[in-house]
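**Q** Below are the structure tokens for one structure; questions will follow.
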Amino acid sequence: MHWWKVMAALLLCSLLLSQSHGVSLSPRQPRQRRMTPFWRGVSLRPIGASCRDNSECLTMLCRKNRCLLSTASA
């Protein structure tokens, strides 16, 4: 009769472990894809193109929503 209790305990433990295996404690957000260096270079915008920030321009200078060659000197 003792082996029935051991078997029941093992079955219960394995059932609980299989249930908790797929559960994550924190919600995972999908990872943002990173551009490879090749596509990063191809996707940069030329001088005069519209832009939102410096990282979009080939020259890394975005001023007044345009990619510029150099900053204006005062």
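Identifiers for the structure tokens are assigned positionally: chains receive A, B, ... in sequence, residues are indexed from 1 per chain, and ligands are indexed from 1 in the order shown.
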Quick one: DSSP alpha helix (DSSP H) residues in region 3-64 of chain A, as a list of chain:residue names?
**A**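 Residues meeting the alpha helix (DSSP H) criterion: A:Trp3, A:Trp4, A:Lys5, A:Val6, A:Met7, A:Ala8, A:Ala9, A:Leu10, A:Leu11, A:Leu12, A:Cys13, A:Ser14, A:Leu15, A:Leu16, A:Leu17, A:Ser18, A:Gln19, A:Ser20, A:His21, A:Pro37, A:Phe38, A:Trp39, A:Arg40, A:Gly41, A:Val42, A:Ser43.
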**Q** Give me, as number ranges by chain, all polymer residues having an atom no more than 12 Å from Lys64 (chain A), counting only C-alpha atoms and skipping those fewer than 6 positions away in the same chain.
**A** A: 48-54, 71-72
**Q** Using only C-alpha atoms, which of A:Leu69, A:Cys57, A:Cys62, A:Leu11 sits nearest Arg45 (chain A)?
**A** A:Cys57
**Q** Extract the full set of strand (DSSP E) residues from chain A according to DSSP on the backbone, and format it as number ranges by chain.
**A** A: 62-63, 66-67
**Q** Just to be explicit: take each residue in the selection above, keep all heavy atoms, and write the result as an mmCIF file, in the first residue's frame.
**A**
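Output saved as out.cif:
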data_model
loop_
_atom_site.group_PDB
_atom_site.id
_atom_site.type_symbol
_atom_site.label_atom_id
_atom_site.label_comp_id
_atom_site.auth_asym_id
_atom_site.auth_seq_id
_atom_site.Cartn_x
_atom_site.Cartn_y
_atom_site.Cartn_z
ATOM 1 N N CYS A 62 20.558 65.957 -38.296
ATOM 2 C CA CYS A 62 19.173 66.248 -38.655
ATOM 3 C C CYS A 62 18.788 67.568 -37.995
ATOM 4 O O CYS A 62 18.730 67.670 -36.779
ATOM 5 C CB CYS A 62 18.260 65.118 -38.179
ATOM 6 S SG CYS A 62 16.525 65.396 -38.564
ATOM 7 N N ARG A 63 18.582 68.596 -38.801
ATOM 8 C CA ARG A 63 18.192 69.917 -38.300
ATOM 9 C C ARG A 63 16.962 70.383 -39.056
ATOM 10 O O ARG A 63 16.934 70.340 -40.289
ATOM 11 C CB ARG A 63 19.311 70.950 -38.494
ATOM 12 C CG ARG A 63 20.621 70.591 -37.825
ATOM 13 C CD ARG A 63 20.523 70.675 -36.305
ATOM 14 N NE ARG A 63 21.798 70.426 -35.685
ATOM 15 C CZ ARG A 63 22.233 69.237 -35.272
ATOM 16 N NH1 ARG A 63 21.478 68.178 -35.434
ATOM 17 N NH2 ARG A 63 23.402 69.088 -34.707
ATOM 18 N N ARG A 66 15.489 68.027 -41.719
ATOM 19 C CA ARG A 66 16.237 67.787 -42.953
ATOM 20 C C ARG A 66 17.636 67.290 -42.600
ATOM 21 O O ARG A 66 18.258 67.737 -41.642
ATOM 22 C CB ARG A 66 16.394 69.062 -43.785
ATOM 23 C CG ARG A 66 15.117 69.571 -44.361
ATOM 24 C CD ARG A 66 14.703 68.753 -45.553
ATOM 25 N NE ARG A 66 13.376 69.141 -45.991
ATOM 26 C CZ ARG A 66 12.564 68.346 -46.634
ATOM 27 N NH1 ARG A 66 12.948 67.134 -46.966
ATOM 28 N NH2 ARG A 66 11.384 68.739 -46.991
ATOM 29 N N CYS A 67 18.169 66.359 -43.418
ATOM 30 C CA CYS A 67 19.529 65.883 -43.239
ATOM 31 C C CYS A 67 20.476 66.920 -43.832
ATOM 32 O O CYS A 67 20.352 67.269 -44.998
ATOM 33 C CB CYS A 67 19.729 64.548 -43.963
ATOM 34 S SG CYS A 67 18.767 63.209 -43.255
#
